[in-house]
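So this block is coords-v4.cif, mmCIF, C-alpha atoms:
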```
data_input
loop_
_atom_site.label_atom_id
_atom_site.label_comp_id
_atom_site.auth_asym_id
_atom_site.auth_seq_id
_atom_site.Cartn_x
_atom_site.Cartn_y
_atom_site.Cartn_z
CA MET A 19 14.00 -26.36 -78.22
CA LEU A 20 10.69 -27.13 -76.55
CA VAL A 21 9.68 -30.74 -77.11
CA ARG A 22 6.09 -31.84 -76.51
CA LEU A 23 5.61 -35.51 -75.77
CA ARG A 24 2.50 -37.65 -75.47
CA GLN A 25 1.25 -40.58 -73.45
CA PRO A 26 1.34 -38.97 -71.02
CA LYS A 27 1.44 -35.36 -72.17
CA ARG A 28 4.57 -33.54 -70.99
CA GLU A 29 7.15 -31.02 -72.18
CA VAL A 30 10.92 -31.05 -72.02
CA THR A 31 13.48 -28.46 -73.10
CA ILE A 32 16.54 -29.64 -75.00
CA ASP A 33 19.44 -27.35 -75.88
CA GLY A 34 21.33 -27.40 -79.15
CA ALA A 35 20.43 -28.00 -82.78
CA ARG A 36 20.22 -31.59 -83.97
CA THR A 37 18.43 -33.69 -86.55
CA VAL A 38 15.14 -35.50 -85.96
CA ASN A 39 16.89 -38.86 -85.95
CA GLN A 40 19.51 -37.65 -83.47
CA LEU A 41 16.77 -36.37 -81.15
CA LEU A 42 14.81 -39.63 -81.31
CA ASP A 43 17.97 -41.65 -80.70
CA GLU A 44 18.86 -39.51 -77.68
CA LEU A 45 15.39 -40.03 -76.24
CA ASP A 46 15.62 -43.76 -76.99
CA MET A 47 12.60 -43.58 -79.27
CA ASN A 48 12.29 -45.94 -82.24
CA ARG A 49 11.93 -43.94 -85.48
CA GLU A 50 9.36 -46.48 -86.65
CA SER A 51 7.06 -45.62 -83.74
CA PHE A 52 7.03 -41.81 -83.88
CA LEU A 53 6.59 -38.80 -86.13
CA VAL A 54 8.08 -35.38 -85.48
CA ILE A 55 5.99 -32.30 -86.22
CA ARG A 56 7.08 -28.65 -86.33
CA ASN A 57 4.41 -25.98 -86.76
CA GLY A 58 1.93 -28.54 -88.03
CA THR A 59 4.34 -29.90 -90.63
CA LEU A 60 6.13 -33.23 -90.59
CA VAL A 61 9.92 -33.19 -90.46
CA PRO A 62 11.89 -36.10 -91.97
CA GLY A 63 14.66 -37.96 -90.19
CA ASP A 64 17.48 -35.77 -91.47
CA GLY A 65 15.49 -32.55 -90.85
CA ARG A 66 17.34 -30.07 -88.66
CA LEU A 67 15.72 -28.84 -85.45
CA ASP A 68 16.89 -25.55 -83.92
CA ASP A 69 16.86 -24.10 -80.44
CA ASP A 70 13.90 -21.81 -81.09
CA ASP A 71 11.70 -24.60 -82.49
CA THR A 72 8.66 -25.99 -80.73
CA ILE A 73 8.14 -29.54 -81.81
CA GLU A 74 5.86 -32.45 -81.07
CA ILE A 75 6.99 -36.04 -80.98
CA ARG A 76 3.84 -37.96 -81.78
CA PRO A 77 3.54 -41.69 -81.09
CA VAL A 78 1.88 -43.62 -83.91
CA VAL A 79 1.46 -47.03 -82.31
CA SER A 80 -2.03 -47.88 -81.09
CA GLY A 81 -3.12 -50.93 -79.21
CA GLY A 82 -6.76 -51.36 -80.11
CA MET B 12 15.72 -27.63 -93.20
CA SER B 13 16.22 -31.16 -94.40
CA GLY B 14 18.45 -32.30 -97.18
CA SER B 15 16.26 -35.17 -98.28
CA LYS B 16 14.22 -34.86 -101.45
CA CYS B 17 11.00 -36.50 -102.55
CA ARG B 18 11.72 -39.60 -104.61
CA VAL B 19 9.09 -38.60 -107.15
CA CYS B 20 9.39 -34.83 -107.66
CA LYS B 21 12.72 -33.96 -105.94
CA GLU B 22 11.04 -31.25 -103.86
CA PRO B 23 11.91 -31.16 -100.12
CA ALA B 24 10.64 -34.28 -98.36
CA ILE B 25 8.44 -34.29 -95.25
CA ILE B 26 8.85 -37.95 -94.38
CA ASP B 27 11.38 -40.73 -94.71
CA LEU B 28 10.01 -44.22 -95.28
CA PRO B 29 12.92 -46.63 -94.78
CA ARG B 30 10.89 -49.65 -95.97
CA HIS B 31 10.66 -47.99 -99.37
CA ASN B 32 14.23 -46.69 -99.06
CA ALA B 33 12.78 -43.32 -100.06
CA ASN B 34 11.58 -39.93 -98.89
CA PHE B 35 8.36 -38.24 -99.97
CA CYS B 36 6.82 -34.76 -100.09
CA ALA B 37 3.24 -34.32 -98.86
CA GLU B 38 1.66 -34.70 -102.29
CA HIS B 39 3.49 -37.89 -103.13
CA LEU B 40 3.02 -39.40 -99.68
CA LEU B 41 -0.72 -39.09 -100.28
CA GLN B 42 -0.32 -40.58 -103.73
CA LEU B 43 1.59 -43.53 -102.29
CA CYS B 44 -1.14 -44.15 -99.70
CA ARG B 45 -3.95 -43.95 -102.25
CA ARG B 46 -2.16 -46.36 -104.56
CA GLN B 47 -1.51 -48.86 -101.77
CA VAL B 48 -5.21 -48.81 -100.85
CA GLU B 49 -6.23 -49.17 -104.49
CA LYS B 50 -3.86 -52.13 -104.86
CA ALA B 51 -5.25 -53.83 -101.75
CA ILE B 52 -8.82 -53.33 -102.96
CA LYS B 53 -8.01 -54.65 -106.45
CA ASP B 54 -5.78 -57.58 -105.42
CA HIS B 55 -8.30 -58.89 -102.91
CA ASP B 56 -11.55 -57.88 -104.58
CA MET B 57 -12.48 -55.85 -101.50
CA LEU B 58 -14.90 -53.30 -102.92
CA ALA B 59 -16.95 -52.73 -106.06
CA PRO B 60 -17.36 -49.14 -107.28
CA ASP B 61 -21.06 -48.98 -106.44
CA ASP B 62 -20.87 -50.80 -103.09
CA ARG B 63 -22.51 -49.21 -100.08
CA VAL B 64 -19.69 -49.16 -97.55
CA LEU B 65 -19.95 -48.92 -93.76
CA VAL B 66 -16.72 -47.78 -92.10
CA ALA B 67 -16.16 -48.74 -88.47
CA VAL B 68 -14.80 -45.51 -86.98
CA SER B 69 -13.22 -44.95 -83.58
CA GLY B 70 -11.89 -41.41 -83.88
CA GLY B 71 -8.33 -42.73 -84.17
CA LYS B 72 -5.98 -42.16 -87.10
CA ASP B 73 -6.59 -45.41 -88.94
CA SER B 74 -10.36 -45.43 -89.11
CA LEU B 75 -10.59 -41.74 -89.99
CA ALA B 76 -7.83 -42.15 -92.59
CA VAL B 77 -9.48 -45.13 -94.29
CA TRP B 78 -12.81 -43.29 -94.35
CA ASP B 79 -11.08 -40.24 -95.84
CA ILE B 80 -9.21 -42.29 -98.44
CA LEU B 81 -12.29 -44.23 -99.55
CA VAL B 82 -14.33 -41.04 -99.96
CA ASP B 83 -11.36 -39.52 -101.78
CA LEU B 84 -11.32 -42.51 -104.13
CA GLY B 85 -15.02 -42.02 -104.87
CA TYR B 86 -16.65 -44.72 -102.74
CA HIS B 87 -20.00 -44.20 -101.05
CA ALA B 88 -18.89 -44.68 -97.43
CA ASP B 89 -20.85 -43.97 -94.26
CA GLY B 90 -19.45 -44.21 -90.73
CA LEU B 91 -20.52 -46.05 -87.61
CA TYR B 92 -19.17 -45.08 -84.20
CA VAL B 93 -19.73 -47.16 -81.07
CA GLY B 94 -19.56 -45.28 -77.74
CA LEU B 95 -17.70 -47.65 -75.44
CA GLY B 96 -18.00 -45.63 -72.22
CA ILE B 97 -14.27 -45.49 -71.53
CA GLY B 98 -14.40 -42.17 -69.66
CA GLU B 99 -12.82 -39.08 -71.18
CA TYR B 100 -11.12 -41.21 -73.82
CA SER B 101 -14.47 -42.14 -75.34
CA ASP B 102 -15.78 -38.59 -75.02
CA THR B 103 -12.78 -37.22 -76.94
CA SER B 104 -12.87 -40.01 -79.52
CA TYR B 105 -16.50 -39.21 -80.27
CA GLU B 106 -15.74 -35.50 -80.63
CA HIS B 107 -13.02 -36.23 -83.20
CA THR B 108 -15.29 -38.59 -85.13
CA GLN B 109 -18.26 -36.26 -85.10
CA ALA B 110 -16.15 -33.26 -86.18
CA PHE B 111 -14.55 -35.25 -89.03
CA ALA B 112 -17.95 -36.33 -90.38
CA ALA B 113 -19.55 -32.90 -89.96
CA GLU B 114 -16.69 -31.05 -91.68
CA ARG B 115 -16.98 -33.33 -94.71
CA GLY B 116 -20.75 -33.72 -94.76
CA LEU B 117 -20.47 -37.48 -94.24
CA SER B 118 -23.17 -39.67 -92.72
CA LEU B 119 -22.32 -40.96 -89.24
CA GLN B 120 -24.38 -43.42 -87.22
CA VAL B 121 -23.73 -43.54 -83.47
CA ILE B 122 -24.47 -46.38 -81.05
CA ASP B 123 -23.91 -45.82 -77.33
CA LEU B 124 -23.33 -49.07 -75.44
CA ARG B 125 -24.49 -47.76 -72.06
CA ALA B 126 -27.57 -45.96 -73.38
CA GLU B 127 -28.71 -48.69 -75.74
CA TYR B 128 -27.46 -51.91 -74.18
CA GLY B 129 -27.06 -51.07 -70.49
CA TYR B 130 -23.32 -51.54 -70.09
CA ASP B 131 -19.94 -50.09 -71.01
CA VAL B 132 -16.50 -51.61 -71.54
CA PRO B 133 -15.00 -50.87 -68.08
CA THR B 134 -18.07 -52.34 -66.37
CA ALA B 135 -18.01 -55.40 -68.62
CA ALA B 136 -14.34 -55.93 -67.84
CA LYS B 137 -14.91 -55.64 -64.10
CA VAL B 138 -17.94 -57.95 -64.00
CA THR B 139 -16.53 -60.63 -66.31
CA ARG B 140 -13.00 -60.33 -64.86
CA ARG B 141 -11.62 -60.51 -68.36
CA VAL B 142 -9.34 -58.09 -70.19
CA PRO B 143 -11.26 -55.01 -71.38
CA CYS B 144 -10.23 -55.57 -75.01
CA SER B 145 -12.27 -58.81 -74.98
CA ALA B 146 -15.64 -57.15 -74.27
CA CYS B 147 -14.69 -54.20 -76.48
CA GLY B 148 -13.88 -56.30 -79.54
CA LEU B 149 -16.84 -58.59 -79.08
CA SER B 150 -19.28 -55.67 -78.75
CA LYS B 151 -17.89 -53.77 -81.73
CA ARG B 152 -17.87 -56.82 -84.04
CA HIS B 153 -21.47 -57.63 -83.18
CA LEU B 154 -22.74 -54.07 -83.55
CA PHE B 155 -20.89 -53.42 -86.80
CA ASP B 156 -22.23 -56.66 -88.26
CA ARG B 157 -25.79 -55.88 -87.21
CA ALA B 158 -25.66 -52.29 -88.41
CA ALA B 159 -24.31 -53.38 -91.80
CA LEU B 160 -27.01 -55.98 -92.31
CA ASP B 161 -29.83 -53.80 -90.96
CA GLY B 162 -28.67 -50.82 -93.02
CA GLY B 163 -28.34 -52.77 -96.27
CA TYR B 164 -24.60 -52.18 -96.59
CA ASP B 165 -22.56 -54.39 -98.90
CA VAL B 166 -19.39 -54.38 -96.86
CA VAL B 167 -17.89 -53.33 -93.53
CA VAL B 168 -14.50 -51.58 -93.69
CA THR B 169 -12.18 -51.52 -90.70
CA GLY B 170 -9.03 -49.45 -90.25
CA HIS B 171 -6.71 -52.36 -89.45
CA ASN B 172 -3.32 -51.50 -90.88
CA LEU B 173 -0.16 -53.44 -91.72
CA ASP B 174 1.17 -53.09 -88.15
CA ASP B 175 -2.09 -54.35 -86.65
CA GLU B 176 -2.15 -57.37 -88.93
CA ALA B 177 1.55 -58.11 -88.48
CA ALA B 178 1.15 -57.97 -84.68
CA VAL B 179 -1.81 -60.34 -84.75
CA LEU B 180 0.10 -62.66 -87.07
CA PHE B 181 3.10 -62.50 -84.74
CA GLY B 182 0.96 -63.50 -81.75
CA ASN B 183 -0.79 -66.29 -83.64
CA THR B 184 2.55 -67.59 -84.89
CA LEU B 185 4.14 -67.53 -81.42
CA ARG B 186 1.35 -69.90 -80.35
CA TRP B 187 1.11 -71.70 -83.71
CA ASP B 188 -2.61 -71.10 -83.44
CA VAL B 189 -3.58 -72.69 -86.73
CA GLU B 190 -7.28 -71.89 -86.38
CA TYR B 191 -6.63 -68.18 -85.96
CA LEU B 192 -3.90 -68.22 -88.61
CA SER B 193 -6.32 -69.77 -91.08
CA ARG B 194 -8.81 -66.96 -90.51
CA GLN B 195 -6.31 -64.10 -90.74
CA TYR B 196 -7.08 -62.70 -94.14
CA PRO B 197 -7.79 -59.11 -95.22
CA VAL B 198 -11.18 -60.11 -96.63
CA LEU B 199 -13.91 -62.07 -94.90
CA PRO B 200 -16.64 -62.82 -97.43
CA ALA B 201 -20.29 -62.47 -96.49
CA ARG B 202 -21.42 -65.80 -95.08
CA HIS B 203 -23.89 -67.41 -92.73
CA GLY B 204 -25.56 -64.10 -91.85
CA PHE B 205 -22.28 -62.18 -91.41
CA PRO B 206 -21.53 -59.21 -93.69
CA LYS B 207 -18.45 -59.00 -95.88
CA LYS B 208 -15.55 -57.36 -93.99
CA VAL B 209 -12.40 -55.88 -95.51
CA LYS B 210 -9.17 -54.16 -94.42
CA PRO B 211 -8.04 -51.72 -97.14
CA LEU B 212 -5.10 -50.43 -95.04
CA MET B 213 -3.42 -53.85 -95.01
CA ARG B 214 -0.47 -52.50 -97.06
CA LEU B 215 0.08 -49.31 -95.04
CA THR B 216 1.86 -48.87 -91.71
CA GLU B 217 0.47 -46.91 -88.83
CA ARG B 218 3.28 -44.37 -89.19
CA GLU B 219 2.09 -43.78 -92.76
CA MET B 220 -1.52 -43.48 -91.58
CA ALA B 221 -0.60 -40.96 -88.90
CA ALA B 222 1.29 -39.02 -91.56
CA TRP B 223 -1.76 -39.15 -93.86
CA CYS B 224 -3.88 -37.59 -91.12
CA ILE B 225 -1.34 -34.86 -90.35
CA VAL B 226 -0.94 -33.92 -94.02
CA ARG B 227 -4.69 -33.96 -94.58
CA GLY B 228 -5.36 -31.90 -91.44
CA ILE B 229 -7.38 -34.65 -89.77
CA ASP B 230 -7.63 -34.00 -86.03
CA TYR B 231 -7.71 -37.50 -84.56
CA GLN B 232 -7.55 -39.09 -81.11
CA VAL B 233 -3.81 -39.29 -80.50
CA GLU B 234 -3.97 -40.60 -76.94
CA GLU B 235 -3.88 -44.34 -76.46
CA CYS B 236 -6.95 -46.13 -75.10
CA PRO B 237 -6.28 -46.39 -71.33
CA MET B 238 -7.59 -49.95 -71.34
CA ALA B 239 -5.10 -51.03 -74.01
CA ILE B 240 -1.90 -49.77 -72.38
CA GLY B 241 0.38 -52.68 -71.55
CA ASN B 242 -1.56 -55.22 -73.61
CA LYS B 243 0.12 -58.00 -75.59
CA HIS B 244 -0.77 -56.46 -78.93
CA LEU B 245 1.36 -53.40 -78.10
CA ALA B 246 4.22 -55.61 -76.91
CA TYR B 247 4.15 -57.46 -80.25
CA LYS B 248 4.19 -54.15 -82.11
CA ASP B 249 7.20 -52.97 -80.11
CA ALA B 250 9.02 -56.20 -80.91
CA LEU B 251 8.22 -55.91 -84.62
CA ASN B 252 9.25 -52.25 -84.71
CA ALA B 253 12.58 -53.15 -83.12
CA ILE B 254 13.13 -55.64 -85.96
CA GLU B 255 11.90 -53.10 -88.52
CA ARG B 256 14.42 -50.57 -87.27
CA GLN B 257 17.24 -53.02 -87.96
CA SER B 258 15.76 -54.42 -91.15
CA PRO B 259 13.33 -52.04 -92.90
CA GLY B 260 10.56 -53.84 -94.76
CA SER B 261 10.44 -56.78 -92.35
CA LYS B 262 6.88 -56.12 -91.19
CA ALA B 263 5.58 -55.86 -94.73
CA SER B 264 7.36 -59.06 -95.77
CA PHE B 265 6.16 -60.92 -92.70
CA TYR B 266 2.48 -60.09 -93.22
CA LEU B 267 2.11 -59.63 -96.98
CA GLU B 268 4.09 -62.79 -97.77
CA PHE B 269 1.91 -64.64 -95.29
CA VAL B 270 -1.18 -63.45 -97.15
CA ASP B 271 0.32 -64.45 -100.52
CA LYS B 272 1.97 -67.73 -99.59
CA MET B 273 0.55 -69.17 -96.39
CA ALA B 274 -3.09 -68.07 -96.36
CA PRO B 275 -3.93 -70.15 -99.48
CA ILE B 276 -2.40 -73.21 -97.84
CA LEU B 277 -4.50 -72.65 -94.72
CA ALA B 278 -7.72 -71.85 -96.61
CA ASP B 279 -9.11 -75.38 -96.34
CA ARG B 280 -8.56 -75.29 -92.61
CA SER B 281 -10.54 -72.05 -92.44
CA GLN B 282 -13.49 -73.64 -94.24
CA ALA B 283 -13.44 -76.62 -91.91
CA ALA B 284 -13.25 -74.34 -88.86
CA THR B 285 -16.67 -72.79 -89.58
CA GLY B 286 -18.88 -74.54 -87.05
CA ASP B 287 -22.54 -75.38 -87.27
CA LEU B 288 -24.24 -71.97 -87.16
CA HIS B 289 -27.81 -71.10 -86.33
CA ARG B 290 -29.70 -68.05 -85.11
CA CYS B 291 -29.25 -66.54 -81.63
CA ALA B 292 -32.47 -67.09 -79.65
CA ILE B 293 -32.41 -63.44 -78.51
CA CYS B 294 -31.16 -61.29 -81.38
CA GLY B 295 -31.14 -63.64 -84.36
CA SER B 296 -27.44 -63.23 -85.11
CA PRO B 297 -25.53 -66.29 -86.32
CA THR B 298 -23.97 -68.29 -83.48
CA THR B 299 -22.75 -71.77 -82.67
CA GLY B 300 -24.59 -71.74 -79.31
CA ASP B 301 -28.18 -71.06 -78.31
CA GLU B 302 -27.38 -67.41 -77.65
CA CYS B 303 -24.64 -65.34 -79.28
CA ALA B 304 -21.66 -64.12 -77.28
CA PHE B 305 -22.91 -60.53 -77.38
CA CYS B 306 -26.29 -61.40 -75.89
CA ARG B 307 -24.64 -63.56 -73.22
CA LEU B 308 -22.35 -60.65 -72.32
CA ARG B 309 -25.25 -58.24 -72.25
CA GLU B 310 -27.30 -60.51 -70.00
CA ARG B 311 -24.37 -60.88 -67.62
CA VAL B 312 -23.24 -57.26 -67.35
CA GLY B 313 -26.26 -55.18 -68.45
CA GLY B 314 -27.76 -53.05 -65.68
CA HIS B 315 -24.67 -52.99 -63.47
CA ASP B 316 -23.75 -49.57 -62.13
CA PRO B 317 -20.99 -48.01 -64.23
CA VAL B 318 -17.47 -48.86 -63.07
CA PRO B 319 -14.93 -46.00 -63.39
CA VAL B 320 -12.04 -46.64 -65.75
CA GLU B 321 -9.37 -46.42 -63.03
CA LEU B 322 -10.92 -49.30 -61.09
CA VAL B 323 -10.35 -51.68 -63.98
CA LEU B 324 -6.73 -50.76 -64.66
CA HIS B 325 -3.71 -52.44 -63.13
CA GLY B 326 0.06 -52.06 -63.22
CA LYS B 327 1.47 -50.06 -66.11
CA ALA B 328 -1.95 -49.14 -67.49
CA ARG B 329 -3.09 -47.72 -64.15
CA ARG B 330 0.12 -45.75 -63.64
CA ALA B 331 -0.08 -44.32 -67.17
CA TYR B 332 -3.74 -43.40 -66.76
CA LEU B 333 -3.20 -41.63 -63.44
CA ALA B 334 -0.13 -39.82 -64.80
CA GLY B 335 -2.19 -38.67 -67.77
CA ARG B 336 -4.97 -37.41 -65.50
CA GLN B 337 -2.43 -35.58 -63.38
CA GLY B 338 -0.91 -34.00 -66.50
CA ALA B 339 -4.31 -32.91 -67.78
CA GLU B 340 -5.23 -31.33 -64.48
CA GLY B 341 -1.81 -29.72 -63.98
#
```
Is it possible to give me this structure as structure tokens?
Amino acid sequence: MLVRLRQPKREVTIDGARTVNQLLDELDMNRESFLVIRNGTLVPGDGRLDDDDTIEIRPVVSGG
Amino acid sequence: MSGSKCRVCKEPAIIDLPRHNANFCAEHLLQLCRRQVEKAIKDHDMLAPDDRVLVAVSGGKDSLAVWDILVDLGYHADGLYVGLGIGEYSDTSYEHTQAFAAERGLSLQVIDLRAEYGYDVPTAAKVTRRVPCSACGLSKRHLFDRAALDGGYDVVVTGHNLDDEAAVLFGNTLRWDVEYLSRQYPVLPARHGFPKKVKPLMRLTEREMAAWCIVRGIDYQVEECPMAIGNKHLAYKDALNAIERQSPGSKASFYLEFVDKMAPILADRSQAATGDLHRCAICGSPTTGDECAFCRLRERVGGHDPVPVELVLHGKARRAYLAGRQGAEG
């Protein structure tokens, strides 16, 4: 799957289906600090992500 | 596909909220957010139905979400955006704000620091040799206060959420800063020439606010302010989110129980902390000195040539900013 990340913007490709929570854990990202979006729609923690998905991992923490 | 169902309607969920030990579909996530805002407004007497409300908007998720929610709930709410001159970040933030207001036919007032007051945040940070967030916060507070009073608004709304307030509380508690603790309350009543200020998102996390924006199709400034990267506020949020991960609901307990149990105990201290205020000799705003902090800042930094953002950044913030620029150009 193609994973779009922010701050800074970058893309990584990850092979193999997994859940949102598994992906965030693998990337060492705290579930409290991010949302995962597929085709403009939020995906919950147990949502399954497949190889042909393009997803965005969006940080939600702001420092202002 | 996900297996989780909305707690309310049992349709497929779009978000899990561990602090509520529940999942929600889009419709019922929005319902939850509206109800939390309504509860905050009611519990703390934040707004009256016919109040004229001025929302401090930055183009980020929280300020656009609170503006959206208040309009959705039927309040008469206008927006005020302050152009801080933080390079492309400010340009993009303004575009998001302007588009949001235009799409909804909402009234937006814009103040540009450089054009109207002769300085911007990076230049102020460089000249004063203080952290950028200091000049930024000071300028915004002053301009929001003035705009509210000049425009005849009853109340200023800011988009501070549960995470913001918990992080500030965490910092104040680490230092046992009793003066700041005594003033940390989601409502500041109108007093001594200052307008009433309220924080209707006090019961909602920033993850919930980002989700509100995504569900509602609000295109907000996702990128972090380059001047804020690496600041203490973000470090406190990281620490609190690490605790939240282990113990969902901790952030809400920490802040909301403080408001319920500790703030009343500290209220007398807050009253006593209000110094002897009189009018600023330059702008007439309330101040404890001869001139208010905003006018002193303006006198010190106004007229300096603009300083580029990258010249003010150091360490992690500078590396992140340059990496972001590289990514944008690549």
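Distances to chain B were evaluated for A:Arg22, A:Gly65, A:Arg56, A:Asp46 using all atoms listed in the file, and the minimum falls at A:Gly65.
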Practice task
With a distance cut-off of 8 Å and all atoms listed in the file, select the neighbouring residues of B:Asn172, excluding the residue or stretch itself and same-chain residues fewer than 4 positions from it, and output the selection as a list in words.
Solution key: Asp73, Glu176, Lys210, Pro211, Leu212, Met213, Arg214, Leu215, Thr216 and Glu217 of chain B
Practice task
May I have the residues within 9 Å of stretch 33-42 of chain A as an MDAnalysis selection string, using only C-alpha atoms and disregarding those fewer than 6 positions away in the same chain?
Solution key: (chainID A and resid 19:20 48:49 52 54 61:69 75) or (chainID B and resid 13)
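Atom CA of B:Tyr231 lies 7.5 Å from atom CA of B:Leu75.
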Handout entry: Counting only C-alpha atoms, the option among B:Ala239, B:Val209, B:Val320, B:Ala112 closest to chain A
Key = B:Ala239
Fill in the blank from the handout: For B:His315, the closest of B:Pro259, B:Gly129, B:Gly71, B:Gly96 counting all atoms listed in the file is B:Gly129
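Applied to the file shown here, the PyMOL selection byres ((chain B) within 7 of (chain A)) selects Met12, Ser13, Gly14, Ser15, Ala24, Ile25, Ile26, Asp27, Glu217, Arg218, Ala221, Glu234, Glu235, Ala239, His244, Leu245, Asn252, Arg256, Ala331, Ala334, Gly335 and Gly338 of chain B.
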Keeping only C-alpha atoms, write the selected residues to a file as an mmCIF file, in the coordinates of the input.
```cif
data_model
loop_
_atom_site.group_PDB
_atom_site.id
_atom_site.type_symbol
_atom_site.label_atom_id
_atom_site.label_comp_id
_atom_site.auth_asym_id
_atom_site.auth_seq_id
_atom_site.Cartn_x
_atom_site.Cartn_y
_atom_site.Cartn_z
ATOM 1 C CA MET B 12 15.720 -27.630 -93.200
ATOM 2 C CA SER B 13 16.220 -31.160 -94.400
ATOM 3 C CA GLY B 14 18.450 -32.300 -97.180
ATOM 4 C CA SER B 15 16.260 -35.170 -98.280
ATOM 5 C CA ALA B 24 10.640 -34.280 -98.360
ATOM 6 C CA ILE B 25 8.440 -34.290 -95.250
ATOM 7 C CA ILE B 26 8.850 -37.950 -94.380
ATOM 8 C CA ASP B 27 11.380 -40.730 -94.710
ATOM 9 C CA GLU B 217 0.470 -46.910 -88.830
ATOM 10 C CA ARG B 218 3.280 -44.370 -89.190
ATOM 11 C CA ALA B 221 -0.600 -40.960 -88.900
ATOM 12 C CA GLU B 234 -3.970 -40.600 -76.940
ATOM 13 C CA GLU B 235 -3.880 -44.340 -76.460
ATOM 14 C CA ALA B 239 -5.100 -51.030 -74.010
ATOM 15 C CA HIS B 244 -0.770 -56.460 -78.930
ATOM 16 C CA LEU B 245 1.360 -53.400 -78.100
ATOM 17 C CA ASN B 252 9.250 -52.250 -84.710
ATOM 18 C CA ARG B 256 14.420 -50.570 -87.270
ATOM 19 C CA ALA B 331 -0.080 -44.320 -67.170
ATOM 20 C CA ALA B 334 -0.130 -39.820 -64.800
ATOM 21 C CA GLY B 335 -2.190 -38.670 -67.770
ATOM 22 C CA GLY B 338 -0.910 -34.000 -66.500
#
```
Handout entry: Separation of atom CA of B:Met238 from atom CA of B:Leu324 in Å
Key = 6.8 Å
Problem - Selection near stretch 43-60 of chain B, 10 Å with only C-alpha atoms, sequence-local residues under 3 positions removed, as a VMD selection string - result: chain B and resid 35 37 to 40 63 to 64 76 to 77 80 to 81 83 to 87 165 to 168 196 to 200 207 to 216 219 to 220 222 to 223
Write a file for stretch 30-40 of chain A of the given structure; include N, CA, C and O atoms and format it as a PDB file, in the first residue's frame.
```
ATOM      1  N   VAL A  30       5.704   6.366   1.597  1.00  0.00           N
ATOM      2  CA  VAL A  30       6.405   5.087   1.725  1.00  0.00           C
ATOM      3  C   VAL A  30       5.469   3.983   1.214  1.00  0.00           C
ATOM      4  O   VAL A  30       4.240   4.123   1.259  1.00  0.00           O
ATOM      5  N   THR A  31       6.052   2.915   0.702  1.00  0.00           N
ATOM      6  CA  THR A  31       5.260   1.769   0.271  1.00  0.00           C
ATOM      7  C   THR A  31       5.457   0.633   1.267  1.00  0.00           C
ATOM      8  O   THR A  31       6.594   0.314   1.639  1.00  0.00           O
ATOM      9  N   ILE A  32       4.342   0.057   1.702  1.00  0.00           N
ATOM     10  CA  ILE A  32       4.396  -1.038   2.668  1.00  0.00           C
ATOM     11  C   ILE A  32       3.615  -2.218   2.091  1.00  0.00           C
ATOM     12  O   ILE A  32       2.489  -2.042   1.618  1.00  0.00           O
ATOM     13  N   ASP A  33       4.228  -3.378   2.107  1.00  0.00           N
ATOM     14  CA  ASP A  33       3.591  -4.565   1.522  1.00  0.00           C
ATOM     15  C   ASP A  33       2.811  -5.354   2.571  1.00  0.00           C
ATOM     16  O   ASP A  33       3.242  -5.475   3.719  1.00  0.00           O
ATOM     17  N   GLY A  34       1.672  -5.876   2.135  1.00  0.00           N
ATOM     18  CA  GLY A  34       0.909  -6.769   3.003  1.00  0.00           C
ATOM     19  C   GLY A  34      -0.234  -6.077   3.717  1.00  0.00           C
ATOM     20  O   GLY A  34      -0.097  -4.961   4.203  1.00  0.00           O
ATOM     21  N   ALA A  35      -1.387  -6.781   3.740  1.00  0.00           N
ATOM     22  CA  ALA A  35      -2.558  -6.224   4.433  1.00  0.00           C
ATOM     23  C   ALA A  35      -2.314  -6.225   5.936  1.00  0.00           C
ATOM     24  O   ALA A  35      -1.612  -7.076   6.471  1.00  0.00           O
ATOM     25  N   ARG A  36      -2.868  -5.231   6.583  1.00  0.00           N
ATOM     26  CA  ARG A  36      -2.809  -5.144   8.050  1.00  0.00           C
ATOM     27  C   ARG A  36      -3.880  -4.168   8.519  1.00  0.00           C
ATOM     28  O   ARG A  36      -4.448  -3.435   7.711  1.00  0.00           O
ATOM     29  N   THR A  37      -4.112  -4.126   9.810  1.00  0.00           N
ATOM     30  CA  THR A  37      -5.094  -3.172  10.336  1.00  0.00           C
ATOM     31  C   THR A  37      -4.417  -1.814  10.559  1.00  0.00           C
ATOM     32  O   THR A  37      -3.186  -1.705  10.580  1.00  0.00           O
ATOM     33  N   VAL A  38      -5.253  -0.808  10.755  1.00  0.00           N
ATOM     34  CA  VAL A  38      -4.759   0.546  11.043  1.00  0.00           C
ATOM     35  C   VAL A  38      -3.863   0.519  12.279  1.00  0.00           C
ATOM     36  O   VAL A  38      -2.759   1.084  12.286  1.00  0.00           O
ATOM     37  N   ASN A  39      -4.325  -0.120  13.329  1.00  0.00           N
ATOM     38  CA  ASN A  39      -3.533  -0.139  14.559  1.00  0.00           C
ATOM     39  C   ASN A  39      -2.206  -0.867  14.370  1.00  0.00           C
ATOM     40  O   ASN A  39      -1.176  -0.437  14.910  1.00  0.00           O
ATOM     41  N   GLN A  40      -2.214  -1.936  13.586  1.00  0.00           N
ATOM     42  CA  GLN A  40      -0.947  -2.643  13.319  1.00  0.00           C
ATOM     43  C   GLN A  40       0.022  -1.733  12.568  1.00  0.00           C
ATOM     44  O   GLN A  40       1.213  -1.689  12.881  1.00  0.00           O
TER      45      GLN A  40
END
```
